[in-house]
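Have a look at structure23.cif below; it lists mmCIF, all heavy atoms.
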```
data_query
#
loop_
_atom_site.label_atom_id
_atom_site.label_comp_id
_atom_site.auth_asym_id
_atom_site.auth_seq_id
_atom_site.Cartn_x
_atom_site.Cartn_y
_atom_site.Cartn_z
N MET S 1 -15.69 41.04 -13.32
CA MET S 1 -15.30 42.34 -13.84
C MET S 1 -13.92 42.21 -14.50
O MET S 1 -13.00 41.67 -13.93
CB MET S 1 -15.27 43.34 -12.70
CG MET S 1 -15.00 44.73 -13.12
SD MET S 1 -15.33 45.82 -11.71
CE MET S 1 -14.67 47.30 -12.33
N THR S 2 -13.81 42.72 -15.71
CA THR S 2 -12.57 42.63 -16.46
C THR S 2 -11.79 43.93 -16.31
O THR S 2 -12.34 45.01 -16.50
CB THR S 2 -12.86 42.38 -17.95
OG1 THR S 2 -13.69 41.22 -18.05
CG2 THR S 2 -11.60 42.15 -18.72
N THR S 3 -10.53 43.81 -15.97
CA THR S 3 -9.69 45.00 -15.82
C THR S 3 -9.06 45.36 -17.16
O THR S 3 -9.01 44.55 -18.08
CB THR S 3 -8.57 44.76 -14.80
OG1 THR S 3 -7.70 43.76 -15.32
CG2 THR S 3 -9.14 44.33 -13.46
N ALA S 4 -8.57 46.58 -17.25
CA ALA S 4 -7.90 47.03 -18.47
C ALA S 4 -6.68 46.17 -18.76
O ALA S 4 -6.39 45.86 -19.91
CB ALA S 4 -7.51 48.50 -18.33
N ALA S 5 -5.95 45.77 -17.73
CA ALA S 5 -4.76 44.93 -17.91
C ALA S 5 -5.15 43.58 -18.48
O ALA S 5 -4.45 43.03 -19.34
CB ALA S 5 -4.03 44.76 -16.59
N THR S 6 -6.27 43.02 -18.04
CA THR S 6 -6.73 41.74 -18.56
C THR S 6 -7.10 41.87 -20.02
O THR S 6 -6.76 41.01 -20.84
CB THR S 6 -7.94 41.22 -17.74
OG1 THR S 6 -7.55 41.11 -16.38
CG2 THR S 6 -8.41 39.89 -18.25
N LEU S 7 -7.82 42.95 -20.36
CA LEU S 7 -8.19 43.17 -21.76
C LEU S 7 -6.96 43.32 -22.63
O LEU S 7 -6.90 42.77 -23.74
CB LEU S 7 -9.08 44.41 -21.89
CG LEU S 7 -10.50 44.28 -21.37
CD1 LEU S 7 -11.21 45.62 -21.44
CD2 LEU S 7 -11.26 43.22 -22.13
N GLU S 8 -5.96 44.06 -22.16
CA GLU S 8 -4.73 44.25 -22.92
C GLU S 8 -4.02 42.91 -23.11
O GLU S 8 -3.53 42.61 -24.19
CB GLU S 8 -3.82 45.24 -22.23
CG GLU S 8 -2.58 45.56 -23.04
CD GLU S 8 -1.73 46.64 -22.39
OE1 GLU S 8 -2.30 47.55 -21.77
OE2 GLU S 8 -0.50 46.54 -22.51
N ALA S 9 -3.96 42.10 -22.08
CA ALA S 9 -3.31 40.79 -22.17
C ALA S 9 -4.05 39.90 -23.17
O ALA S 9 -3.43 39.18 -23.96
CB ALA S 9 -3.26 40.12 -20.80
N LEU S 10 -5.38 39.95 -23.15
CA LEU S 10 -6.16 39.17 -24.10
C LEU S 10 -5.89 39.63 -25.53
O LEU S 10 -5.74 38.82 -26.43
CB LEU S 10 -7.65 39.27 -23.79
CG LEU S 10 -8.13 38.58 -22.51
CD1 LEU S 10 -9.58 38.91 -22.26
CD2 LEU S 10 -7.91 37.08 -22.60
N ASP S 11 -5.85 40.94 -25.73
CA ASP S 11 -5.58 41.48 -27.05
C ASP S 11 -4.22 41.02 -27.55
O ASP S 11 -4.08 40.62 -28.71
CB ASP S 11 -5.63 43.01 -27.05
CG ASP S 11 -7.04 43.56 -26.95
OD1 ASP S 11 -8.00 42.80 -27.13
OD2 ASP S 11 -7.15 44.77 -26.70
N LEU S 12 -3.21 41.08 -26.68
CA LEU S 12 -1.87 40.67 -27.10
C LEU S 12 -1.81 39.18 -27.38
O LEU S 12 -1.10 38.74 -28.28
CB LEU S 12 -0.84 41.09 -26.05
CG LEU S 12 -0.64 42.60 -25.91
CD1 LEU S 12 0.36 42.89 -24.81
CD2 LEU S 12 -0.22 43.22 -27.21
N SER S 13 -2.57 38.41 -26.65
CA SER S 13 -2.65 36.97 -26.90
C SER S 13 -3.26 36.71 -28.27
O SER S 13 -2.77 35.87 -29.03
CB SER S 13 -3.47 36.29 -25.81
OG SER S 13 -3.62 34.92 -26.09
N VAL S 14 -4.31 37.44 -28.59
CA VAL S 14 -4.94 37.29 -29.91
C VAL S 14 -3.98 37.74 -31.00
O VAL S 14 -3.87 37.08 -32.03
CB VAL S 14 -6.27 38.09 -29.96
CG1 VAL S 14 -6.82 38.13 -31.37
CG2 VAL S 14 -7.29 37.50 -29.01
N ILE S 15 -3.27 38.84 -30.77
CA ILE S 15 -2.29 39.32 -31.75
C ILE S 15 -1.23 38.25 -32.00
O ILE S 15 -0.88 37.97 -33.15
CB ILE S 15 -1.63 40.64 -31.28
CG1 ILE S 15 -2.65 41.77 -31.23
CG2 ILE S 15 -0.43 41.01 -32.17
CD1 ILE S 15 -3.20 42.20 -32.57
N ARG S 16 -0.72 37.62 -30.95
CA ARG S 16 0.28 36.55 -31.13
C ARG S 16 -0.29 35.41 -31.95
O ARG S 16 0.38 34.88 -32.84
CB ARG S 16 0.75 36.03 -29.77
CG ARG S 16 1.86 36.84 -29.15
CD ARG S 16 2.51 36.11 -27.99
NE ARG S 16 1.57 35.78 -26.93
CZ ARG S 16 1.24 36.58 -25.93
NH1 ARG S 16 1.79 37.77 -25.84
NH2 ARG S 16 0.39 36.19 -25.01
N ASN S 17 -1.52 35.02 -31.66
CA ASN S 17 -2.15 33.94 -32.42
C ASN S 17 -2.36 34.33 -33.87
O ASN S 17 -2.16 33.52 -34.78
CB ASN S 17 -3.48 33.54 -31.78
CG ASN S 17 -3.29 32.82 -30.47
OD1 ASN S 17 -2.25 32.23 -30.22
ND2 ASN S 17 -4.29 32.87 -29.62
N ILE S 18 -2.75 35.57 -34.12
CA ILE S 18 -2.94 36.05 -35.48
C ILE S 18 -1.61 36.02 -36.22
O ILE S 18 -1.53 35.54 -37.36
CB ILE S 18 -3.55 37.47 -35.50
CG1 ILE S 18 -5.02 37.40 -35.07
CG2 ILE S 18 -3.40 38.12 -36.86
CD1 ILE S 18 -5.68 38.75 -34.86
N LEU S 19 -0.55 36.52 -35.60
CA LEU S 19 0.76 36.51 -36.24
C LEU S 19 1.22 35.09 -36.56
O LEU S 19 1.73 34.81 -37.65
CB LEU S 19 1.80 37.22 -35.36
CG LEU S 19 1.63 38.72 -35.21
CD1 LEU S 19 2.54 39.25 -34.12
CD2 LEU S 19 1.88 39.43 -36.53
N ARG S 20 1.02 34.19 -35.62
CA ARG S 20 1.40 32.79 -35.83
C ARG S 20 0.62 32.20 -37.01
O ARG S 20 1.19 31.53 -37.87
CB ARG S 20 1.14 31.99 -34.55
CG ARG S 20 1.68 30.59 -34.59
CD ARG S 20 1.51 29.87 -33.27
NE ARG S 20 2.23 30.54 -32.19
CZ ARG S 20 1.66 31.06 -31.10
NH1 ARG S 20 0.37 30.98 -30.91
NH2 ARG S 20 2.40 31.66 -30.19
N SER S 21 -0.66 32.48 -37.06
CA SER S 21 -1.48 31.97 -38.16
C SER S 21 -1.08 32.59 -39.50
O SER S 21 -1.10 31.90 -40.52
CB SER S 21 -2.97 32.26 -37.89
OG SER S 21 -3.42 31.51 -36.79
N MET S 22 -0.73 33.87 -39.48
CA MET S 22 -0.31 34.52 -40.73
C MET S 22 0.92 33.81 -41.28
O MET S 22 1.03 33.60 -42.50
CB MET S 22 -0.01 36.00 -40.48
CG MET S 22 -1.24 36.85 -40.27
SD MET S 22 -0.85 38.55 -39.78
CE MET S 22 0.09 39.11 -41.20
N ILE S 23 1.83 33.44 -40.40
CA ILE S 23 3.06 32.77 -40.83
C ILE S 23 2.77 31.34 -41.26
O ILE S 23 3.16 30.91 -42.35
CB ILE S 23 4.11 32.80 -39.71
CG1 ILE S 23 4.57 34.24 -39.48
CG2 ILE S 23 5.29 31.89 -40.02
CD1 ILE S 23 5.33 34.46 -38.19
N ASN S 24 2.07 30.60 -40.42
CA ASN S 24 1.83 29.18 -40.70
C ASN S 24 0.88 28.94 -41.87
O ASN S 24 1.06 28.00 -42.64
CB ASN S 24 1.27 28.48 -39.45
CG ASN S 24 2.28 28.38 -38.35
OD1 ASN S 24 3.48 28.42 -38.57
ND2 ASN S 24 1.81 28.26 -37.12
N GLU S 25 -0.12 29.79 -42.01
CA GLU S 25 -1.13 29.59 -43.04
C GLU S 25 -0.91 30.49 -44.26
O GLU S 25 -1.68 30.42 -45.22
CB GLU S 25 -2.53 29.86 -42.46
CG GLU S 25 -2.88 29.02 -41.25
CD GLU S 25 -2.97 27.54 -41.55
OE1 GLU S 25 -3.29 27.16 -42.69
OE2 GLU S 25 -2.70 26.74 -40.62
N HIS S 26 0.09 31.34 -44.21
CA HIS S 26 0.38 32.29 -45.29
C HIS S 26 -0.80 33.21 -45.57
O HIS S 26 -1.14 33.50 -46.71
CB HIS S 26 0.80 31.55 -46.57
CG HIS S 26 1.95 30.63 -46.37
ND1 HIS S 26 3.25 31.09 -46.24
CD2 HIS S 26 2.02 29.29 -46.25
CE1 HIS S 26 4.05 30.06 -46.05
NE2 HIS S 26 3.33 28.96 -46.05
N TRP S 27 -1.44 33.66 -44.47
CA TRP S 27 -2.58 34.56 -44.58
C TRP S 27 -2.12 36.00 -44.63
O TRP S 27 -1.09 36.37 -44.07
CB TRP S 27 -3.49 34.43 -43.37
CG TRP S 27 -4.29 33.19 -43.29
CD1 TRP S 27 -4.61 32.34 -44.30
CD2 TRP S 27 -4.89 32.63 -42.11
NE1 TRP S 27 -5.37 31.30 -43.83
CE2 TRP S 27 -5.56 31.46 -42.50
CE3 TRP S 27 -4.93 33.02 -40.79
CZ2 TRP S 27 -6.26 30.67 -41.59
CZ3 TRP S 27 -5.62 32.24 -39.90
CH2 TRP S 27 -6.29 31.08 -40.29
N SER S 28 -2.93 36.83 -45.28
CA SER S 28 -2.73 38.28 -45.18
C SER S 28 -3.32 38.74 -43.86
O SER S 28 -4.01 37.98 -43.16
CB SER S 28 -3.46 38.97 -46.34
OG SER S 28 -4.86 38.83 -46.18
N VAL S 29 -3.08 39.99 -43.51
CA VAL S 29 -3.65 40.54 -42.28
C VAL S 29 -5.17 40.46 -42.35
O VAL S 29 -5.83 40.04 -41.39
CB VAL S 29 -3.18 42.00 -42.05
CG1 VAL S 29 -3.91 42.63 -40.88
CG2 VAL S 29 -1.68 42.06 -41.86
N THR S 30 -5.74 40.83 -43.47
CA THR S 30 -7.20 40.80 -43.63
C THR S 30 -7.75 39.40 -43.46
O THR S 30 -8.75 39.19 -42.77
CB THR S 30 -7.59 41.37 -45.00
OG1 THR S 30 -7.09 42.70 -45.12
CG2 THR S 30 -9.10 41.38 -45.18
N GLU S 31 -7.10 38.42 -44.07
CA GLU S 31 -7.55 37.03 -43.93
C GLU S 31 -7.50 36.58 -42.47
O GLU S 31 -8.41 35.90 -41.99
CB GLU S 31 -6.70 36.09 -44.79
CG GLU S 31 -6.94 36.24 -46.27
CD GLU S 31 -5.94 35.46 -47.10
OE1 GLU S 31 -4.74 35.49 -46.77
OE2 GLU S 31 -6.37 34.82 -48.07
N ALA S 32 -6.43 36.94 -41.79
CA ALA S 32 -6.29 36.55 -40.38
C ALA S 32 -7.35 37.22 -39.51
O ALA S 32 -7.95 36.57 -38.65
CB ALA S 32 -4.89 36.91 -39.88
N LEU S 33 -7.61 38.49 -39.74
CA LEU S 33 -8.63 39.18 -38.96
C LEU S 33 -10.01 38.58 -39.23
O LEU S 33 -10.83 38.45 -38.32
CB LEU S 33 -8.63 40.68 -39.27
CG LEU S 33 -7.37 41.43 -38.84
CD1 LEU S 33 -7.45 42.90 -39.29
CD2 LEU S 33 -7.13 41.33 -37.36
N ASP S 34 -10.25 38.19 -40.48
CA ASP S 34 -11.51 37.51 -40.81
C ASP S 34 -11.61 36.17 -40.09
O ASP S 34 -12.64 35.84 -39.51
CB ASP S 34 -11.62 37.26 -42.32
CG ASP S 34 -11.88 38.52 -43.12
OD1 ASP S 34 -12.28 39.54 -42.53
OD2 ASP S 34 -11.68 38.48 -44.35
N GLU S 35 -10.54 35.41 -40.12
CA GLU S 35 -10.53 34.08 -39.51
C GLU S 35 -10.75 34.15 -38.00
O GLU S 35 -11.41 33.29 -37.42
CB GLU S 35 -9.21 33.38 -39.82
CG GLU S 35 -9.18 31.94 -39.44
CD GLU S 35 -10.11 31.04 -40.23
OE1 GLU S 35 -10.43 31.38 -41.39
OE2 GLU S 35 -10.52 30.01 -39.69
N TYR S 36 -10.21 35.18 -37.36
CA TYR S 36 -10.36 35.34 -35.91
C TYR S 36 -11.60 36.16 -35.54
O TYR S 36 -11.80 36.50 -34.38
CB TYR S 36 -9.10 35.98 -35.32
CG TYR S 36 -7.99 34.97 -35.15
CD1 TYR S 36 -7.15 34.65 -36.19
CD2 TYR S 36 -7.82 34.31 -33.94
CE1 TYR S 36 -6.15 33.70 -36.05
CE2 TYR S 36 -6.83 33.36 -33.78
CZ TYR S 36 -6.00 33.07 -34.84
OH TYR S 36 -5.01 32.13 -34.68
N ASP S 37 -12.43 36.46 -36.53
CA ASP S 37 -13.70 37.19 -36.31
C ASP S 37 -13.52 38.49 -35.54
O ASP S 37 -14.29 38.81 -34.63
CB ASP S 37 -14.71 36.29 -35.58
CG ASP S 37 -15.12 35.09 -36.40
OD1 ASP S 37 -15.21 35.23 -37.64
OD2 ASP S 37 -15.33 34.02 -35.82
N ILE S 38 -12.49 39.23 -35.91
CA ILE S 38 -12.27 40.54 -35.29
C ILE S 38 -13.31 41.51 -35.87
O ILE S 38 -13.43 41.64 -37.09
CB ILE S 38 -10.84 41.06 -35.59
CG1 ILE S 38 -9.79 40.06 -35.12
CG2 ILE S 38 -10.63 42.44 -34.96
CD1 ILE S 38 -9.81 39.74 -33.64
N PRO S 39 -14.09 42.16 -35.01
CA PRO S 39 -15.13 43.07 -35.49
C PRO S 39 -14.56 44.24 -36.28
O PRO S 39 -13.43 44.69 -36.03
CB PRO S 39 -15.81 43.58 -34.22
CG PRO S 39 -15.27 42.78 -33.10
CD PRO S 39 -14.03 42.10 -33.56
N GLU S 40 -15.33 44.72 -37.23
CA GLU S 40 -14.91 45.86 -38.07
C GLU S 40 -14.49 47.05 -37.21
O GLU S 40 -13.55 47.75 -37.55
CB GLU S 40 -16.04 46.28 -39.01
CG GLU S 40 -16.27 45.33 -40.16
CD GLU S 40 -15.11 45.29 -41.15
OE1 GLU S 40 -14.46 46.33 -41.39
OE2 GLU S 40 -14.86 44.20 -41.68
N SER S 41 -15.16 47.27 -36.11
CA SER S 41 -14.88 48.44 -35.27
C SER S 41 -13.50 48.37 -34.61
O SER S 41 -12.95 49.39 -34.20
CB SER S 41 -15.95 48.58 -34.18
OG SER S 41 -15.97 47.42 -33.36
N LEU S 42 -12.90 47.18 -34.53
CA LEU S 42 -11.60 47.02 -33.89
C LEU S 42 -10.47 46.75 -34.88
O LEU S 42 -9.30 46.69 -34.49
CB LEU S 42 -11.65 45.86 -32.88
CG LEU S 42 -12.59 46.03 -31.71
CD1 LEU S 42 -12.62 44.76 -30.87
CD2 LEU S 42 -12.17 47.21 -30.86
N ARG S 43 -10.79 46.60 -36.14
CA ARG S 43 -9.77 46.20 -37.12
C ARG S 43 -8.64 47.21 -37.26
O ARG S 43 -7.49 46.81 -37.38
CB ARG S 43 -10.41 45.90 -38.47
CG ARG S 43 -11.17 44.59 -38.39
CD ARG S 43 -11.67 44.14 -39.72
NE ARG S 43 -12.31 42.85 -39.53
CZ ARG S 43 -12.09 41.80 -40.28
NH1 ARG S 43 -11.28 41.89 -41.30
NH2 ARG S 43 -12.70 40.67 -40.03
N ASP S 44 -8.93 48.47 -37.25
CA ASP S 44 -7.87 49.47 -37.37
C ASP S 44 -6.88 49.34 -36.22
O ASP S 44 -5.67 49.42 -36.41
CB ASP S 44 -8.43 50.89 -37.42
CG ASP S 44 -9.13 51.20 -38.72
OD1 ASP S 44 -8.87 50.49 -39.72
OD2 ASP S 44 -9.94 52.15 -38.75
N GLU S 45 -7.41 49.14 -35.02
CA GLU S 45 -6.56 49.00 -33.83
C GLU S 45 -5.68 47.74 -33.95
O GLU S 45 -4.49 47.79 -33.68
CB GLU S 45 -7.43 48.91 -32.59
CG GLU S 45 -6.67 48.75 -31.30
CD GLU S 45 -7.60 48.62 -30.10
OE1 GLU S 45 -8.77 49.03 -30.18
OE2 GLU S 45 -7.12 48.11 -29.08
N TYR S 46 -6.28 46.64 -34.36
CA TYR S 46 -5.52 45.39 -34.50
C TYR S 46 -4.48 45.51 -35.62
O TYR S 46 -3.36 45.05 -35.47
CB TYR S 46 -6.46 44.21 -34.77
CG TYR S 46 -6.99 43.59 -33.50
CD1 TYR S 46 -8.02 44.19 -32.79
CD2 TYR S 46 -6.45 42.43 -33.00
CE1 TYR S 46 -8.51 43.64 -31.63
CE2 TYR S 46 -6.91 41.86 -31.83
CZ TYR S 46 -7.94 42.47 -31.15
OH TYR S 46 -8.41 41.91 -29.98
N GLU S 47 -4.85 46.12 -36.74
CA GLU S 47 -3.90 46.31 -37.82
C GLU S 47 -2.71 47.15 -37.37
O GLU S 47 -1.56 46.86 -37.72
CB GLU S 47 -4.58 46.96 -39.03
CG GLU S 47 -5.51 46.01 -39.76
CD GLU S 47 -6.29 46.68 -40.88
OE1 GLU S 47 -6.07 47.89 -41.14
OE2 GLU S 47 -7.11 45.99 -41.48
N ALA S 48 -2.96 48.18 -36.58
CA ALA S 48 -1.87 49.02 -36.06
C ALA S 48 -0.95 48.22 -35.14
O ALA S 48 0.28 48.35 -35.22
CB ALA S 48 -2.44 50.23 -35.34
N LEU S 49 -1.53 47.37 -34.29
CA LEU S 49 -0.71 46.55 -33.40
C LEU S 49 0.12 45.54 -34.18
O LEU S 49 1.29 45.31 -33.88
CB LEU S 49 -1.59 45.83 -32.38
CG LEU S 49 -2.24 46.69 -31.31
CD1 LEU S 49 -3.28 45.90 -30.53
CD2 LEU S 49 -1.18 47.26 -30.39
N ILE S 50 -0.48 44.96 -35.20
CA ILE S 50 0.25 44.00 -36.04
C ILE S 50 1.36 44.69 -36.80
O ILE S 50 2.48 44.19 -36.90
CB ILE S 50 -0.73 43.27 -36.99
CG1 ILE S 50 -1.64 42.35 -36.18
CG2 ILE S 50 0.02 42.50 -38.07
CD1 ILE S 50 -2.82 41.79 -36.95
N GLU S 51 1.08 45.88 -37.30
CA GLU S 51 2.09 46.66 -38.04
C GLU S 51 3.31 46.95 -37.17
O GLU S 51 4.45 46.86 -37.63
CB GLU S 51 1.48 47.96 -38.53
CG GLU S 51 2.42 48.80 -39.34
CD GLU S 51 1.77 50.08 -39.84
OE1 GLU S 51 0.57 50.28 -39.61
OE2 GLU S 51 2.49 50.89 -40.46
N LYS S 52 3.09 47.24 -35.89
CA LYS S 52 4.20 47.51 -34.98
C LYS S 52 5.14 46.32 -34.84
O LYS S 52 6.31 46.49 -34.53
CB LYS S 52 3.67 47.91 -33.60
CG LYS S 52 3.09 49.29 -33.55
CD LYS S 52 2.62 49.62 -32.15
CE LYS S 52 2.00 50.99 -32.11
NZ LYS S 52 1.53 51.32 -30.76
N CYS S 53 4.63 45.13 -35.07
CA CYS S 53 5.46 43.93 -34.96
C CYS S 53 6.45 43.81 -36.12
O CYS S 53 7.43 43.09 -36.03
CB CYS S 53 4.58 42.69 -34.93
SG CYS S 53 3.54 42.58 -33.47
N PHE S 54 6.19 44.52 -37.21
CA PHE S 54 7.02 44.40 -38.41
C PHE S 54 7.87 45.63 -38.70
O PHE S 54 8.73 45.59 -39.55
CB PHE S 54 6.14 44.11 -39.63
CG PHE S 54 5.50 42.76 -39.57
CD1 PHE S 54 4.18 42.62 -39.17
CD2 PHE S 54 6.24 41.63 -39.89
CE1 PHE S 54 3.59 41.36 -39.11
CE2 PHE S 54 5.66 40.37 -39.83
CZ PHE S 54 4.33 40.24 -39.44
N ILE S 55 7.62 46.73 -38.01
CA ILE S 55 8.33 47.98 -38.30
C ILE S 55 9.22 48.34 -37.12
O ILE S 55 8.79 48.35 -35.98
CB ILE S 55 7.33 49.11 -38.58
CG1 ILE S 55 6.52 48.77 -39.83
CG2 ILE S 55 8.06 50.44 -38.74
CD1 ILE S 55 5.46 49.78 -40.16
N ASP S 56 10.47 48.65 -37.42
CA ASP S 56 11.42 49.09 -36.38
C ASP S 56 11.13 50.50 -35.96
O ASP S 56 10.82 51.36 -36.65
CB ASP S 56 12.85 49.02 -36.89
CG ASP S 56 13.34 47.57 -36.96
OD1 ASP S 56 12.91 46.77 -36.12
OD2 ASP S 56 14.12 47.30 -37.84
#
```
Will you turn the file into structure tokens for me?
Amino acid sequence: MTTAATLEALDLSVIRNILRSMINEHWSVTEALDEYDIPESLRDEYEALIEKCFID
């Protein structure tokens, strides 16, 4: 059984990996989400989390 905290930790781990790949591979957010096979239904959520990393 997966807890909400575990899911959140997994999401943040994926976000860190996506950010690292965006920097290292010079990918756009869309390219990174494609590369990590993020489902269409979750893309808005992931984009919002990524955006928070760049906006004060």
Env of segment 13-18 of chain S: 6 Å cut, atoms = all heavy atoms, seq-sep filter 4 positions within chain, self excluded. Answer as a short mmCIF file (atom, residue, chain, number, x, y, z; two decimals) with all heavy atoms, in the coordinates of the input.
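The resulting file, out-v4.cif, is reproduced below:
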```
data_model
loop_
_atom_site.label_atom_id
_atom_site.label_comp_id
_atom_site.auth_asym_id
_atom_site.auth_seq_id
_atom_site.Cartn_x
_atom_site.Cartn_y
_atom_site.Cartn_z
N GLU S 8 -5.96 44.06 -22.16
CA GLU S 8 -4.73 44.25 -22.92
C GLU S 8 -4.02 42.91 -23.11
O GLU S 8 -3.53 42.61 -24.19
CB GLU S 8 -3.82 45.24 -22.23
CG GLU S 8 -2.58 45.56 -23.04
CD GLU S 8 -1.73 46.64 -22.39
OE1 GLU S 8 -2.30 47.55 -21.77
OE2 GLU S 8 -0.50 46.54 -22.51
N ALA S 9 -3.96 42.10 -22.08
CA ALA S 9 -3.31 40.79 -22.17
C ALA S 9 -4.05 39.90 -23.17
O ALA S 9 -3.43 39.18 -23.96
CB ALA S 9 -3.26 40.12 -20.80
N MET S 22 -0.73 33.87 -39.48
CA MET S 22 -0.31 34.52 -40.73
C MET S 22 0.92 33.81 -41.28
O MET S 22 1.03 33.60 -42.50
CB MET S 22 -0.01 36.00 -40.48
CG MET S 22 -1.24 36.85 -40.27
SD MET S 22 -0.85 38.55 -39.78
CE MET S 22 0.09 39.11 -41.20
N ILE S 23 1.83 33.44 -40.40
CA ILE S 23 3.06 32.77 -40.83
C ILE S 23 2.77 31.34 -41.26
O ILE S 23 3.16 30.91 -42.35
CB ILE S 23 4.11 32.80 -39.71
CG1 ILE S 23 4.57 34.24 -39.48
CG2 ILE S 23 5.29 31.89 -40.02
CD1 ILE S 23 5.33 34.46 -38.19
N TRP S 27 -1.44 33.66 -44.47
CA TRP S 27 -2.58 34.56 -44.58
C TRP S 27 -2.12 36.00 -44.63
O TRP S 27 -1.09 36.37 -44.07
CB TRP S 27 -3.49 34.43 -43.37
CG TRP S 27 -4.29 33.19 -43.29
CD1 TRP S 27 -4.61 32.34 -44.30
CD2 TRP S 27 -4.89 32.63 -42.11
NE1 TRP S 27 -5.37 31.30 -43.83
CE2 TRP S 27 -5.56 31.46 -42.50
CE3 TRP S 27 -4.93 33.02 -40.79
CZ2 TRP S 27 -6.26 30.67 -41.59
CZ3 TRP S 27 -5.62 32.24 -39.90
CH2 TRP S 27 -6.29 31.08 -40.29
N VAL S 29 -3.08 39.99 -43.51
CA VAL S 29 -3.65 40.54 -42.28
C VAL S 29 -5.17 40.46 -42.35
O VAL S 29 -5.83 40.04 -41.39
CB VAL S 29 -3.18 42.00 -42.05
CG1 VAL S 29 -3.91 42.63 -40.88
CG2 VAL S 29 -1.68 42.06 -41.86
N ALA S 32 -6.43 36.94 -41.79
CA ALA S 32 -6.29 36.55 -40.38
C ALA S 32 -7.35 37.22 -39.51
O ALA S 32 -7.95 36.57 -38.65
CB ALA S 32 -4.89 36.91 -39.88
N LEU S 33 -7.61 38.49 -39.74
CA LEU S 33 -8.63 39.18 -38.96
C LEU S 33 -10.01 38.58 -39.23
O LEU S 33 -10.83 38.45 -38.32
CB LEU S 33 -8.63 40.68 -39.27
CG LEU S 33 -7.37 41.43 -38.84
CD1 LEU S 33 -7.45 42.90 -39.29
CD2 LEU S 33 -7.13 41.33 -37.36
N TYR S 36 -10.21 35.18 -37.36
CA TYR S 36 -10.36 35.34 -35.91
C TYR S 36 -11.60 36.16 -35.54
O TYR S 36 -11.80 36.50 -34.38
CB TYR S 36 -9.10 35.98 -35.32
CG TYR S 36 -7.99 34.97 -35.15
CD1 TYR S 36 -7.15 34.65 -36.19
CD2 TYR S 36 -7.82 34.31 -33.94
CE1 TYR S 36 -6.15 33.70 -36.05
CE2 TYR S 36 -6.83 33.36 -33.78
CZ TYR S 36 -6.00 33.07 -34.84
OH TYR S 36 -5.01 32.13 -34.68
N ILE S 38 -12.49 39.23 -35.91
CA ILE S 38 -12.27 40.54 -35.29
C ILE S 38 -13.31 41.51 -35.87
O ILE S 38 -13.43 41.64 -37.09
CB ILE S 38 -10.84 41.06 -35.59
CG1 ILE S 38 -9.79 40.06 -35.12
CG2 ILE S 38 -10.63 42.44 -34.96
CD1 ILE S 38 -9.81 39.74 -33.64
N GLU S 45 -7.41 49.14 -35.02
CA GLU S 45 -6.56 49.00 -33.83
C GLU S 45 -5.68 47.74 -33.95
O GLU S 45 -4.49 47.79 -33.68
CB GLU S 45 -7.43 48.91 -32.59
CG GLU S 45 -6.67 48.75 -31.30
CD GLU S 45 -7.60 48.62 -30.10
OE1 GLU S 45 -8.77 49.03 -30.18
OE2 GLU S 45 -7.12 48.11 -29.08
N TYR S 46 -6.28 46.64 -34.36
CA TYR S 46 -5.52 45.39 -34.50
C TYR S 46 -4.48 45.51 -35.62
O TYR S 46 -3.36 45.05 -35.47
CB TYR S 46 -6.46 44.21 -34.77
CG TYR S 46 -6.99 43.59 -33.50
CD1 TYR S 46 -8.02 44.19 -32.79
CD2 TYR S 46 -6.45 42.43 -33.00
CE1 TYR S 46 -8.51 43.64 -31.63
CE2 TYR S 46 -6.91 41.86 -31.83
CZ TYR S 46 -7.94 42.47 -31.15
OH TYR S 46 -8.41 41.91 -29.98
N GLU S 47 -4.85 46.12 -36.74
CA GLU S 47 -3.90 46.31 -37.82
C GLU S 47 -2.71 47.15 -37.37
O GLU S 47 -1.56 46.86 -37.72
CB GLU S 47 -4.58 46.96 -39.03
CG GLU S 47 -5.51 46.01 -39.76
CD GLU S 47 -6.29 46.68 -40.88
OE1 GLU S 47 -6.07 47.89 -41.14
OE2 GLU S 47 -7.11 45.99 -41.48
N LEU S 49 -1.53 47.37 -34.29
CA LEU S 49 -0.71 46.55 -33.40
C LEU S 49 0.12 45.54 -34.18
O LEU S 49 1.29 45.31 -33.88
CB LEU S 49 -1.59 45.83 -32.38
CG LEU S 49 -2.24 46.69 -31.31
CD1 LEU S 49 -3.28 45.90 -30.53
CD2 LEU S 49 -1.18 47.26 -30.39
N ILE S 50 -0.48 44.96 -35.20
CA ILE S 50 0.25 44.00 -36.04
C ILE S 50 1.36 44.69 -36.80
O ILE S 50 2.48 44.19 -36.90
CB ILE S 50 -0.73 43.27 -36.99
CG1 ILE S 50 -1.64 42.35 -36.18
CG2 ILE S 50 0.02 42.50 -38.07
CD1 ILE S 50 -2.82 41.79 -36.95
N CYS S 53 4.63 45.13 -35.07
CA CYS S 53 5.46 43.93 -34.96
C CYS S 53 6.45 43.81 -36.12
O CYS S 53 7.43 43.09 -36.03
CB CYS S 53 4.58 42.69 -34.93
SG CYS S 53 3.54 42.58 -33.47
#
```
Take atom CA of Leu19 of chain S and atom CA of Glu51 of chain S and report the distance between them in Å, one decimal.
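About the pair atom CA of Leu19 of chain S and atom CA of Glu51 of chain S: they are 10.4 Å apart.
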Hey, could you pull the box centre and edge lengths for segment 28-35 of chain S, axis-aligned, 4 Å padding per side, all listed atoms, to one decimal in Å, as AutoDock Vina command-line options?
```
--center_x -7.2 --center_y 36.5 --center_z -42.7 --size_x 19.0 --size_y 20.9 --size_z 18.7
```
Atom N of Ser28 of chain S sits from atom CB of Arg43 of chain S at a separation of 13.6 Å
Quick one, how far is atom CD of Pro39 of chain S from atom CG1 of Ile55 of chain S?
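So the two atoms, atom CD of Pro39 of chain S and atom CG1 of Ile55 of chain S, lie 22.5 Å apart.
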DSSP on the backbone, alpha helix (DSSP H) only: what residues of chain S does that give? Format it as number ranges by chain.
S: 4-25, 29-35, 40-52
